[in-house]
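Participant: Below is the file coords-v6.cif, with mmCIF, C-alpha atoms.
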```
data_model
loop_
_atom_site.label_atom_id
_atom_site.label_comp_id
_atom_site.auth_asym_id
_atom_site.auth_seq_id
_atom_site.Cartn_x
_atom_site.Cartn_y
_atom_site.Cartn_z
CA MET A 1 0.00 0.00 0.00
CA LEU A 2 2.71 2.47 0.99
CA ARG A 3 4.71 1.50 -2.08
CA ASP A 4 1.72 2.18 -4.32
CA VAL A 5 1.23 5.62 -2.77
CA ARG A 6 4.91 6.48 -3.11
CA GLU A 7 4.98 5.32 -6.73
CA TRP A 8 1.87 7.38 -7.49
CA PHE A 9 3.79 10.50 -6.45
CA ASP A 10 7.38 9.70 -7.40
CA GLY A 11 7.01 6.96 -10.00
CA ALA A 12 8.24 3.38 -9.88
CA ALA A 13 11.55 2.72 -8.16
CA ASP A 14 14.62 2.60 -10.35
CA GLY A 15 15.88 -0.84 -11.30
CA GLU A 16 18.80 -2.25 -13.22
CA ILE A 17 18.74 -1.21 -16.89
CA ARG A 18 19.32 -4.23 -19.11
CA ALA A 19 20.54 -3.97 -22.69
CA LEU A 20 19.06 -6.01 -25.53
CA GLU A 21 22.16 -8.19 -25.62
CA GLU A 22 21.55 -9.20 -21.98
CA VAL A 23 17.98 -10.38 -22.53
CA PRO A 24 17.72 -14.19 -22.37
CA GLY A 25 16.04 -16.13 -25.17
CA ILE A 26 17.53 -14.13 -28.06
CA ASP A 27 20.36 -15.58 -30.14
CA PRO A 28 23.29 -13.09 -30.12
CA GLU A 29 24.21 -14.01 -33.69
CA ARG A 30 20.67 -13.39 -34.92
CA LEU A 31 20.62 -10.11 -33.01
CA ARG A 32 23.78 -8.97 -34.83
CA GLU A 33 22.17 -9.87 -38.15
CA LEU A 34 19.17 -7.72 -37.32
CA TRP A 35 21.45 -4.81 -36.42
CA CYS A 36 23.12 -5.12 -39.81
CA ALA A 37 19.87 -5.55 -41.75
CA GLU A 38 17.71 -2.96 -39.90
CA PRO A 39 20.07 -0.52 -38.16
CA GLU A 40 17.54 2.34 -37.87
CA LEU A 41 14.78 0.12 -36.54
CA MET A 42 17.09 -1.58 -34.07
CA LEU A 43 18.38 1.80 -32.89
CA ARG A 44 14.81 2.89 -32.15
CA LEU A 45 14.10 -0.44 -30.47
CA ASP A 46 17.19 -0.14 -28.26
CA GLY A 47 16.24 3.40 -27.21
CA LEU A 48 12.63 2.46 -26.48
CA HIS A 49 13.70 -0.65 -24.57
CA THR A 50 15.89 1.51 -22.34
CA ALA A 51 13.20 4.19 -21.95
CA ALA A 52 10.59 1.56 -21.06
CA GLN A 53 12.70 0.39 -18.12
CA ARG A 54 12.60 3.89 -16.60
CA ALA A 55 8.94 4.64 -17.34
CA PHE A 56 6.98 6.48 -14.65
CA GLU A 57 4.35 3.81 -14.01
CA ARG A 58 5.36 0.25 -13.17
CA ARG A 59 2.68 -1.31 -15.34
CA THR A 60 3.95 0.69 -18.30
CA ARG A 61 7.47 -0.56 -17.67
CA VAL A 62 6.37 -4.18 -17.61
CA ALA A 63 3.90 -4.04 -20.49
CA VAL A 64 6.06 -2.08 -22.95
CA THR A 65 9.24 -4.03 -22.18
CA GLU A 66 7.52 -7.39 -22.56
CA GLU A 67 5.82 -6.39 -25.81
CA LEU A 68 9.08 -5.17 -27.35
CA LEU A 69 10.95 -8.32 -26.35
CA ARG A 70 8.11 -10.54 -27.53
CA ALA A 71 8.19 -8.91 -30.95
CA LEU A 72 12.01 -9.10 -31.09
CA ARG A 73 12.00 -12.80 -30.24
CA ALA A 74 9.38 -13.44 -32.91
CA VAL A 75 11.41 -11.63 -35.57
CA ALA A 76 14.58 -13.42 -34.45
CA GLN A 77 12.76 -16.70 -35.05
CA GLY A 78 11.74 -15.74 -38.58
CA ALA A 79 8.64 -13.56 -38.26
CA ASP A 80 8.10 -10.51 -40.49
CA VAL A 81 10.00 -7.37 -39.48
CA ALA A 82 6.70 -5.47 -39.73
CA ARG A 83 5.70 -6.96 -36.40
CA LEU A 84 8.69 -5.34 -34.74
CA GLU A 85 7.97 -2.03 -36.48
CA THR A 86 4.41 -2.11 -35.15
CA ALA A 87 5.60 -2.90 -31.62
CA VAL A 88 8.12 -0.05 -31.76
CA ALA A 89 5.45 2.43 -32.91
CA LEU A 90 3.04 1.38 -30.17
CA ALA A 91 5.78 1.49 -27.56
CA GLY A 92 6.70 5.05 -28.55
CA THR A 93 3.07 6.16 -28.23
CA ARG A 94 2.63 4.52 -24.85
CA LEU A 95 5.88 5.93 -23.47
CA GLU A 96 4.85 9.39 -24.64
CA ALA A 97 1.58 8.99 -22.75
CA ASP A 98 3.51 7.78 -19.69
CA THR A 99 5.72 10.87 -19.78
CA ALA A 100 2.65 13.10 -20.16
CA THR A 101 1.10 11.38 -17.14
CA ALA A 102 4.24 11.98 -15.11
CA GLY A 103 4.33 15.67 -16.02
CA ALA A 104 0.63 16.25 -15.39
CA ARG A 105 0.70 14.37 -12.09
CA GLY A 106 3.70 16.34 -10.86
CA LEU A 107 2.18 19.68 -11.86
CA ASN A 108 -1.21 18.88 -10.36
CA THR A 109 0.43 17.68 -7.14
CA GLY A 110 2.39 20.92 -6.85
CA LEU A 111 -0.69 23.05 -7.45
CA THR A 112 -2.73 21.01 -4.96
CA CYS A 113 -0.02 21.32 -2.30
CA GLY A 114 -0.02 25.07 -2.81
CA ILE A 115 -3.78 25.29 -2.38
CA VAL A 116 -3.77 23.02 0.69
CA ILE A 117 -0.91 24.89 2.35
CA SER A 118 -2.46 28.30 1.68
CA PRO A 119 -5.03 28.12 4.54
CA VAL A 120 -2.30 26.96 6.93
CA ILE A 121 -0.13 29.92 6.01
CA LEU A 122 -3.13 32.24 6.39
CA LEU A 123 -3.76 31.01 9.94
CA VAL A 124 -0.08 31.30 10.84
CA VAL A 125 0.15 34.84 9.46
CA PHE A 126 -3.02 35.89 11.25
CA ALA A 127 -1.75 34.42 14.53
CA LEU A 128 1.58 36.19 14.12
CA GLY A 129 -0.25 39.42 13.33
CA GLU A 130 -2.04 39.12 16.66
CA TRP A 131 0.95 37.92 18.69
CA VAL A 132 3.95 39.90 17.43
CA PRO A 133 2.58 43.41 18.23
CA ARG A 134 1.98 42.31 21.82
CA LEU A 135 5.70 41.72 22.23
CA PHE A 136 6.12 45.48 21.81
CA GLY A 137 3.17 46.37 23.99
CA VAL A 138 0.91 47.22 21.06
CA GLY A 139 -2.52 45.72 20.50
CA LEU A 140 -4.39 45.43 17.23
CA GLY A 141 -7.58 47.41 17.04
CA CYS A 142 -10.63 46.82 14.89
CA GLN A 143 -9.25 48.64 11.86
CA GLU A 144 -5.94 46.80 11.98
CA ARG A 145 -7.69 43.42 12.25
CA LEU A 146 -9.92 44.20 9.27
CA ALA A 147 -6.94 45.35 7.21
CA LEU A 148 -5.05 42.14 8.06
CA ALA A 149 -8.10 40.00 7.27
CA GLY A 150 -8.53 41.75 3.91
CA ALA A 151 -4.88 41.12 3.07
CA LEU A 152 -5.24 37.42 3.88
CA VAL A 153 -8.41 37.09 1.80
CA CYS A 154 -6.61 38.74 -1.10
CA PHE A 155 -3.65 36.40 -0.50
CA ALA A 156 -5.90 33.33 -0.79
CA GLY A 157 -7.54 34.72 -3.92
CA GLY A 158 -4.09 35.05 -5.52
CA ALA A 159 -3.44 31.33 -5.00
CA MET A 160 -6.75 30.38 -6.60
CA GLY A 161 -6.15 32.71 -9.54
CA ALA A 162 -2.70 31.26 -10.17
CA VAL A 163 -4.02 27.69 -10.15
CA PHE A 164 -6.89 28.61 -12.46
CA SER A 165 -4.50 30.31 -14.89
CA VAL A 166 -2.24 27.24 -15.10
CA ILE A 167 -5.15 24.82 -15.52
CA VAL A 168 -6.70 26.84 -18.34
CA ARG A 169 -3.43 27.16 -20.26
CA LEU A 170 -2.26 23.58 -19.77
CA ARG A 171 -5.27 21.52 -20.75
CA ASP A 172 -3.07 19.07 -22.69
CA PRO A 173 0.00 17.83 -20.75
CA ARG A 174 1.48 16.38 -23.95
CA GLN A 175 1.59 19.89 -25.41
CA LEU A 176 3.50 21.06 -22.34
CA ILE A 177 6.07 18.30 -22.78
CA ARG A 178 6.44 18.77 -26.53
CA ASP A 179 6.87 22.53 -26.26
CA SER A 180 9.03 22.90 -23.20
CA LEU A 181 10.65 19.83 -21.73
CA VAL A 182 11.32 17.36 -24.52
CA ALA A 183 13.78 18.09 -27.27
CA GLY A 184 13.74 15.78 -30.26
CA ASP A 185 12.68 15.25 -33.81
CA GLY A 186 10.49 12.17 -33.39
CA PRO A 187 6.73 12.20 -33.00
CA GLY A 188 5.49 13.65 -29.77
CA GLY A 189 8.86 14.82 -28.54
CA ALA A 190 10.88 11.67 -29.06
CA GLY A 191 14.62 11.47 -28.79
CA PRO A 192 17.03 11.07 -31.68
CA GLY A 193 15.48 8.93 -34.36
CA GLY A 194 12.24 8.59 -32.42
CA SER A 195 13.99 6.40 -29.84
CA GLY A 196 11.78 7.42 -26.94
CA PRO A 197 11.27 10.44 -24.65
CA ALA A 198 14.39 12.54 -24.22
CA VAL A 199 13.52 13.35 -20.61
CA ASP A 200 13.31 11.10 -17.58
CA PRO A 201 9.62 11.01 -16.56
CA VAL A 202 10.44 10.79 -12.86
CA GLN A 203 12.63 13.89 -13.05
CA LEU A 204 9.95 15.61 -15.13
CA SER A 205 7.33 14.89 -12.47
CA ARG A 206 9.52 16.30 -9.71
CA ALA A 207 10.42 19.38 -11.72
CA LEU A 208 6.79 20.20 -12.53
CA ARG A 209 5.77 19.56 -8.94
CA GLN A 210 8.15 22.33 -7.89
CA GLU A 211 6.93 24.46 -10.79
CA GLY A 212 3.31 24.08 -9.69
CA TRP A 213 4.18 25.16 -6.16
CA TYR A 214 6.20 28.05 -7.55
CA ARG A 215 3.18 29.26 -9.54
CA VAL A 216 1.04 29.40 -6.39
CA VAL A 217 3.76 31.39 -4.61
CA VAL A 218 3.83 33.83 -7.53
CA GLY A 219 0.07 34.25 -7.14
CA TRP A 220 0.54 35.05 -3.45
CA PHE A 221 3.06 37.79 -4.13
CA LEU A 222 1.08 39.30 -6.99
CA ALA A 223 -2.07 39.45 -4.88
CA THR A 224 -0.21 40.94 -1.92
CA ALA A 225 1.38 43.58 -4.14
CA LEU A 226 -1.96 44.59 -5.62
CA TYR A 227 -3.52 44.72 -2.15
CA LEU A 228 -0.81 47.11 -0.99
CA LEU A 229 -1.35 49.31 -4.04
CA VAL A 230 -5.13 49.50 -3.60
CA ALA A 231 -5.30 49.64 0.20
CA GLY A 232 -2.47 52.15 0.31
CA GLY A 233 -4.32 54.53 -1.98
CA ILE A 234 -1.69 54.37 -4.72
CA LEU A 235 -4.05 52.69 -7.18
CA THR A 236 -7.32 54.63 -6.89
CA LEU A 237 -9.09 53.05 -9.83
CA LEU A 238 -10.39 50.28 -7.56
CA THR A 239 -12.14 51.18 -4.32
CA PRO A 240 -13.35 48.64 -1.74
CA PRO A 241 -17.03 48.81 -0.75
CA GLY A 242 -16.08 49.70 2.80
CA SER A 243 -12.91 50.89 4.50
CA PRO A 244 -11.82 49.70 7.97
CA ALA A 245 -12.55 53.17 9.34
CA GLU A 246 -16.14 53.00 8.08
CA LEU A 247 -16.70 49.46 9.35
CA CYS A 248 -15.26 50.06 12.82
CA GLY A 249 -17.66 52.27 14.70
CA PRO A 250 -18.39 52.84 18.38
CA GLY A 251 -21.42 50.56 18.28
CA PRO A 252 -22.31 47.22 16.75
CA LEU A 253 -22.54 46.90 12.98
CA SER A 254 -25.87 47.53 11.35
CA ALA A 255 -27.36 45.30 8.67
CA ASP A 256 -25.88 47.56 6.02
CA GLY A 257 -22.53 47.41 7.79
CA HIS A 258 -22.52 43.61 7.75
CA GLY A 259 -23.36 43.69 4.05
CA ALA A 260 -20.52 46.11 3.38
CA LEU A 261 -18.13 43.89 5.35
CA VAL A 262 -19.06 40.81 3.31
CA LYS A 263 -18.76 42.77 0.06
CA THR A 264 -15.33 43.98 1.16
CA TRP A 265 -14.12 40.42 1.67
CA PHE A 266 -15.50 39.44 -1.72
CA PHE A 267 -13.83 42.50 -3.21
CA TRP A 268 -10.39 41.59 -1.87
CA GLY A 269 -10.85 37.96 -2.87
CA ALA A 270 -11.67 39.02 -6.43
CA ILE A 271 -8.71 41.42 -6.49
CA GLY A 272 -6.40 38.62 -5.41
CA PHE A 273 -7.87 36.23 -7.98
CA LEU A 274 -7.32 38.71 -10.80
CA ALA A 275 -3.76 39.33 -9.62
CA GLY A 276 -3.06 35.58 -9.49
CA LEU A 277 -4.17 35.21 -13.09
CA ASN A 278 -1.07 37.17 -14.09
CA GLU A 279 1.27 34.39 -12.92
CA ARG A 280 1.66 33.53 -16.61
CA TRP A 281 4.10 36.42 -16.95
CA ALA A 282 6.52 34.67 -14.60
CA ARG A 283 8.99 32.84 -16.83
CA GLY A 284 9.83 29.18 -16.55
CA LEU A 285 6.82 26.94 -17.10
CA LEU A 286 6.41 27.20 -20.88
CA ARG A 287 9.87 27.77 -22.22
CA HIS A 288 10.92 26.17 -25.49
CA PRO A 289 14.37 24.54 -25.62
CA SER A 290 15.23 26.38 -28.85
CA ALA A 291 14.27 29.77 -27.41
CA PRO A 292 15.62 30.02 -23.86
CA GLY A 293 14.88 33.70 -23.65
CA GLY A 294 11.17 33.53 -24.44
CA GLU A 295 8.01 31.78 -23.40
CA VAL A 296 6.07 29.57 -25.73
CA PRO A 297 2.33 30.14 -25.93
CA GLY A 298 0.18 27.65 -24.10
CA PRO A 299 -2.27 25.34 -25.84
CA GLY A 300 -4.54 27.39 -28.04
CA ASP A 301 -2.56 30.63 -27.72
CA GLY A 302 -0.97 30.26 -31.14
CA ALA A 303 -4.33 29.90 -32.83
CA ARG A 304 -5.60 33.06 -31.19
CA ARG A 305 -2.56 35.08 -32.26
CA SER A 306 -2.49 33.90 -35.84
#
```
Turn the structure described in the file into structure tokens.

Facilitator:
Amino acid sequence: MLRDVREWFDGAADGEIRALEEVPGIDPERLRELWCAEPELMLRLDGLHTAAQRAFERRTRVAVTEELLRALRAVAQGADVARLETAVALAGTRLEADTATAGARGLNTGLTCGIVISPVILLVVFALGEWVPRLFGVGLGCQERLALAGALVCFAGGAMGAVFSVIVRLRDPRQLIRDSLVAGDGPGGAGPGGSGPAVDPVQLSRALRQEGWYRVVVGWFLATALYLLVAGGILTLLTPPGSPAELCGPGPLSADGHGALVKTWFFWGAIGFLAGLNERWARGLLRHPSAPGGEVPGPGDGARRS
């Protein structure tokens, strides 16, 4: 059970990589003949056989490796080479899907961790906001508490906006891998000669997990910055429905005051959400290998620009 959970996050554990020459049941002399007769096909087979042994999911490792070896044994015993060509094509497609799964799972895990951790950070910040001033003999009044609460609501909205922005732009994980993390000339981002993915799926999953968390952090900072601009009166185009001074009176809040307070929280949440949407301008997630200085449009962006 624990192994299954760990493999769901980090992929199957690494094992010993075996070359084609080390596989039992295949005549070495016949294997050399196939290398001489079909060098390009055997090069692709060798690359896919190696890539299959480091696939992200264990079932993919077993299924693709067994299918490739089954086809190779059949051809070595006199079957048509077309059977091996078919097995190689199917293996390449399945390994591409495995790499896409690894990337999507890592990215989604990073985004989810960011969303889950956000409320914890909000509680910690609010507690520190109440506790730290007391160390200096200062207490937070009503206006200060409302200002801090508005900042935290805006902070949470920034996380949600960042996650929404990433999800909308990255509907197809294969597009992400083809455009940013896999360099090659084969179909779907294959390595040289279409010999399999040019990136380790486990490393890809870990990298995108960090990238997903990084996007949420960017949303936090963008939302906080916009809150400071609006609440500080620097950006006057947007005005909250109620200020802390208006909501903190000598007596209890009226019905209209409660309504204004709720609208204020919604206002700051929407401000944070809109700020988080701008995480796309932070470089790193969609960068093409051939253009290190620029960002490649997400899925569908190219069609809108053309």

Participant: I need the residue nearest Leu238 (chain A) from this list: A:Leu152, A:Ile271, A:Val216, A:Leu253. Use all atoms listed in the file for the distance.

Facilitator: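 Among the listed residues, A:Ile271 lies closest to Leu238 (chain A).
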
Participant: Pick from A:Gly259, A:Gly276, A:Gly11, A:Gly232: nearest to Arg105 (chain A), with only C-alpha atoms counted?

Facilitator: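 Residue with the minimum atom-to-atom distance to Arg105 (chain A): A:Gly11.
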
Participant: Any chance you could resolve the PyMOL selection byres ((chain A and resi 266) around 10) against this file and give the residues as a list in words?

Facilitator: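 Applying the expression gives Gly150, Val153, Cys154, Gly157, Pro240, Pro241, Ala260, Leu261, Val262, Lys263, Thr264, Trp265, Phe267, Trp268, Gly269, Ala270, Ile271 and Gly272 of chain A.
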
Participant: Go ahead and save the residues from that selection, with C-alpha atoms, as a short mmCIF file (atom, residue, chain, number, x, y, z; two decimals), in the frame of the given file.

Facilitator:
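The resulting file, out-v3.cif, is reproduced below:
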```cif
data_model
loop_
_atom_site.label_atom_id
_atom_site.label_comp_id
_atom_site.auth_asym_id
_atom_site.auth_seq_id
_atom_site.Cartn_x
_atom_site.Cartn_y
_atom_site.Cartn_z
CA GLY A 150 -8.53 41.75 3.91
CA VAL A 153 -8.41 37.09 1.80
CA CYS A 154 -6.61 38.74 -1.10
CA GLY A 157 -7.54 34.72 -3.92
CA PRO A 240 -13.35 48.64 -1.74
CA PRO A 241 -17.03 48.81 -0.75
CA ALA A 260 -20.52 46.11 3.38
CA LEU A 261 -18.13 43.89 5.35
CA VAL A 262 -19.06 40.81 3.31
CA LYS A 263 -18.76 42.77 0.06
CA THR A 264 -15.33 43.98 1.16
CA TRP A 265 -14.12 40.42 1.67
CA PHE A 267 -13.83 42.50 -3.21
CA TRP A 268 -10.39 41.59 -1.87
CA GLY A 269 -10.85 37.96 -2.87
CA ALA A 270 -11.67 39.02 -6.43
CA ILE A 271 -8.71 41.42 -6.49
CA GLY A 272 -6.40 38.62 -5.41
#
```

Participant: Starting from the displayed file, determine the output of the PyMOL selection byres ((chain A and resi 200) around 9) and express the residue list as a list in words.

Facilitator: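 When the PyMOL selection byres ((chain A and resi 200) around 9) is applied to the shown file, the picked residues are Ala51, Arg54, Ala55, Phe56, Thr99, Pro197, Ala198, Val199, Pro201, Val202, Gln203, Leu204 and Ser205 of chain A.
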
Participant: What does the file look like for those residues with C-alpha atoms, as a PDB file, keeping the file's coordinate frame?

Facilitator:
```
ATOM      1  CA  ALA A  51      13.200   4.190 -21.950  1.00  0.00           C
ATOM      2  CA  ARG A  54      12.600   3.890 -16.600  1.00  0.00           C
ATOM      3  CA  ALA A  55       8.940   4.640 -17.340  1.00  0.00           C
ATOM      4  CA  PHE A  56       6.980   6.480 -14.650  1.00  0.00           C
ATOM      5  CA  THR A  99       5.720  10.870 -19.780  1.00  0.00           C
ATOM      6  CA  PRO A 197      11.270  10.440 -24.650  1.00  0.00           C
ATOM      7  CA  ALA A 198      14.390  12.540 -24.220  1.00  0.00           C
ATOM      8  CA  VAL A 199      13.520  13.350 -20.610  1.00  0.00           C
ATOM      9  CA  PRO A 201       9.620  11.010 -16.560  1.00  0.00           C
ATOM     10  CA  VAL A 202      10.440  10.790 -12.860  1.00  0.00           C
ATOM     11  CA  GLN A 203      12.630  13.890 -13.050  1.00  0.00           C
ATOM     12  CA  LEU A 204       9.950  15.610 -15.130  1.00  0.00           C
ATOM     13  CA  SER A 205       7.330  14.890 -12.470  1.00  0.00           C
TER      14      SER A 205
END
```

Participant: Rounded to one decimal place, report the CA of Asp98 (chain A)-CA of Val217 (chain A) distance in Å.

Facilitator: 28.0 Å

Participant: Would you kindly return, as a list in words, each protein, DNA or RNA residue with an atom no farther than 10 Å from any atom of Leu68 (chain A), considering only C-alpha atoms and excluding same-chain residues fewer than 4 positions away?

Facilitator: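 Within the cut-off, the hits are Leu45, Asp46, Leu48, His49, Ala52, Ala63, Val64, Leu72, Arg73, Ala74, Arg83, Leu84, Glu85, Thr86, Ala87, Val88, Leu90 and Ala91 of chain A.
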
Participant: Got a sec to check which residues sit within 12 Å of (5.5, 25.3, -8.7), counting all atoms listed in the file, and write them as a short mmCIF file (atom, residue, chain, number, x, y, z; two decimals) with C-alpha atoms, keeping the file's coordinate frame?

Facilitator:
```
data_model
loop_
_atom_site.label_atom_id
_atom_site.label_comp_id
_atom_site.auth_asym_id
_atom_site.auth_seq_id
_atom_site.Cartn_x
_atom_site.Cartn_y
_atom_site.Cartn_z
CA GLY A 106 3.70 16.34 -10.86
CA LEU A 107 2.18 19.68 -11.86
CA ASN A 108 -1.21 18.88 -10.36
CA THR A 109 0.43 17.68 -7.14
CA GLY A 110 2.39 20.92 -6.85
CA LEU A 111 -0.69 23.05 -7.45
CA THR A 112 -2.73 21.01 -4.96
CA CYS A 113 -0.02 21.32 -2.30
CA GLY A 114 -0.02 25.07 -2.81
CA ILE A 115 -3.78 25.29 -2.38
CA ALA A 159 -3.44 31.33 -5.00
CA ALA A 162 -2.70 31.26 -10.17
CA VAL A 163 -4.02 27.69 -10.15
CA VAL A 166 -2.24 27.24 -15.10
CA SER A 205 7.33 14.89 -12.47
CA ARG A 206 9.52 16.30 -9.71
CA ALA A 207 10.42 19.38 -11.72
CA LEU A 208 6.79 20.20 -12.53
CA ARG A 209 5.77 19.56 -8.94
CA GLN A 210 8.15 22.33 -7.89
CA GLU A 211 6.93 24.46 -10.79
CA GLY A 212 3.31 24.08 -9.69
CA TRP A 213 4.18 25.16 -6.16
CA TYR A 214 6.20 28.05 -7.55
CA ARG A 215 3.18 29.26 -9.54
CA VAL A 216 1.04 29.40 -6.39
CA VAL A 217 3.76 31.39 -4.61
CA VAL A 218 3.83 33.83 -7.53
CA GLY A 219 0.07 34.25 -7.14
CA GLU A 279 1.27 34.39 -12.92
CA ALA A 282 6.52 34.67 -14.60
CA ARG A 283 8.99 32.84 -16.83
CA GLY A 284 9.83 29.18 -16.55
CA LEU A 285 6.82 26.94 -17.10
#
```

Participant: Given 3 Å on each side, where is the centre and what are the edge lengths in Å to one decimal of the axis-aligned box enclosing the listed atoms of region 98-108 of chain A, as lines of an AutoDock Vina configuration file?

Facilitator:
```
center_x = 2.3
center_y = 13.7
center_z = -15.3
size_x = 12.9
size_y = 17.9
size_z = 15.8
```

Participant: Kindly indicate which residue among A:Val62, A:Leu69, A:Met1, A:Ala245 lies nearest to Ala19 (chain A), using all atoms listed in the file for the distances.

Facilitator: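 Counting all atoms listed in the file, the residue closest to Ala19 (chain A) is A:Leu69.
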
Participant: Would you compute the distance between CA of Pro244 (chain A) and CA of Gln143 (chain A)? Give it in Å to one decimal.

Facilitator: 4.8 Å

Participant: Neighbouring residues of Val125 (chain A) were defined as those with any atom within 10 Å, considering only C-alpha atoms; residues of the same chain fewer than 5 positions away were excluded. Please report them as a list in words.

Facilitator: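 So the residues in contact are Pro119, Val120, Glu130, Trp131, Leu148, Ala149 and Leu152 of chain A.
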
Participant: Using only C-alpha atoms for the distances, tell me which of A:Glu57, A:Gly137, A:Glu29, A:Gly257 is nearest to Val5 (chain A).

Facilitator: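 For Val5 (chain A), the nearest of the given residues is A:Glu57.
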
Participant: Identify which of the residues A:Leu20, A:Trp8, A:Pro28, A:Ala100 lies closest to Met42 (chain A), counting only C-alpha atoms when measuring atom-to-atom distances.

Facilitator: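 Using only C-alpha atoms, Met42 (chain A) sits closest to A:Leu20.
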
Participant: Residues picked by the PyMOL selection byres ((chain A and resi 224-226) around 8) here, as a list in words?

Facilitator: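 Output from the PyMOL selection byres ((chain A and resi 224-226) around 8), applied to this file: Ala151, Cys154, Phe155, Gly158, Trp220, Phe221, Leu222, Ala223, Tyr227, Leu228, Leu229, Val230, Ile271, Gly272 and Ala275 of chain A.
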
Participant: Figure out the distance between CA of Val168 (chain A) and CA of Arg94 (chain A), please, to one decimal in Å.

Facilitator: 25.1 Å

Participant: At a cut-off of 10 Å around the point (19.8, -8.6, -33.7) (file coordinates), what residues fall inside when counting only C-alpha atoms? I'd like the answer as a PDB file with C-alpha atoms, in the coordinates of the input.

Facilitator:
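Now in result29.pdb:
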```
ATOM      1  CA  LEU A  20      19.060  -6.010 -25.530  1.00  0.00           C
ATOM      2  CA  GLU A  21      22.160  -8.190 -25.620  1.00  0.00           C
ATOM      3  CA  ILE A  26      17.530 -14.130 -28.060  1.00  0.00           C
ATOM      4  CA  ASP A  27      20.360 -15.580 -30.140  1.00  0.00           C
ATOM      5  CA  PRO A  28      23.290 -13.090 -30.120  1.00  0.00           C
ATOM      6  CA  GLU A  29      24.210 -14.010 -33.690  1.00  0.00           C
ATOM      7  CA  ARG A  30      20.670 -13.390 -34.920  1.00  0.00           C
ATOM      8  CA  LEU A  31      20.620 -10.110 -33.010  1.00  0.00           C
ATOM      9  CA  ARG A  32      23.780  -8.970 -34.830  1.00  0.00           C
ATOM     10  CA  GLU A  33      22.170  -9.870 -38.150  1.00  0.00           C
ATOM     11  CA  LEU A  34      19.170  -7.720 -37.320  1.00  0.00           C
ATOM     12  CA  TRP A  35      21.450  -4.810 -36.420  1.00  0.00           C
ATOM     13  CA  CYS A  36      23.120  -5.120 -39.810  1.00  0.00           C
ATOM     14  CA  ALA A  37      19.870  -5.550 -41.750  1.00  0.00           C
ATOM     15  CA  GLU A  38      17.710  -2.960 -39.900  1.00  0.00           C
ATOM     16  CA  PRO A  39      20.070  -0.520 -38.160  1.00  0.00           C
ATOM     17  CA  MET A  42      17.090  -1.580 -34.070  1.00  0.00           C
ATOM     18  CA  LEU A  72      12.010  -9.100 -31.090  1.00  0.00           C
ATOM     19  CA  ARG A  73      12.000 -12.800 -30.240  1.00  0.00           C
ATOM     20  CA  VAL A  75      11.410 -11.630 -35.570  1.00  0.00           C
ATOM     21  CA  ALA A  76      14.580 -13.420 -34.450  1.00  0.00           C
TER      22      ALA A  76
END
```

Participant: How would region 211-229 of chain A of the given structure read as a file with C-alpha atoms, as a tab-separated table (two decimals), in the first residue's frame?

Facilitator:
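Just written: result-v8.tsv:
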```tsv
chain	number	residue	atom	x	y	z
A	211	GLU	CA	6.93	24.46	-10.79
A	212	GLY	CA	3.31	24.08	-9.69
A	213	TRP	CA	4.18	25.16	-6.16
A	214	TYR	CA	6.20	28.05	-7.55
A	215	ARG	CA	3.18	29.26	-9.54
A	216	VAL	CA	1.04	29.40	-6.39
A	217	VAL	CA	3.76	31.39	-4.61
A	218	VAL	CA	3.83	33.83	-7.53
A	219	GLY	CA	0.07	34.25	-7.14
A	220	TRP	CA	0.54	35.05	-3.45
A	221	PHE	CA	3.06	37.79	-4.13
A	222	LEU	CA	1.08	39.30	-6.99
A	223	ALA	CA	-2.07	39.45	-4.88
A	224	THR	CA	-0.21	40.94	-1.92
A	225	ALA	CA	1.38	43.58	-4.14
A	226	LEU	CA	-1.96	44.59	-5.62
A	227	TYR	CA	-3.52	44.72	-2.15
A	228	LEU	CA	-0.81	47.11	-0.99
A	229	LEU	CA	-1.35	49.31	-4.04
```
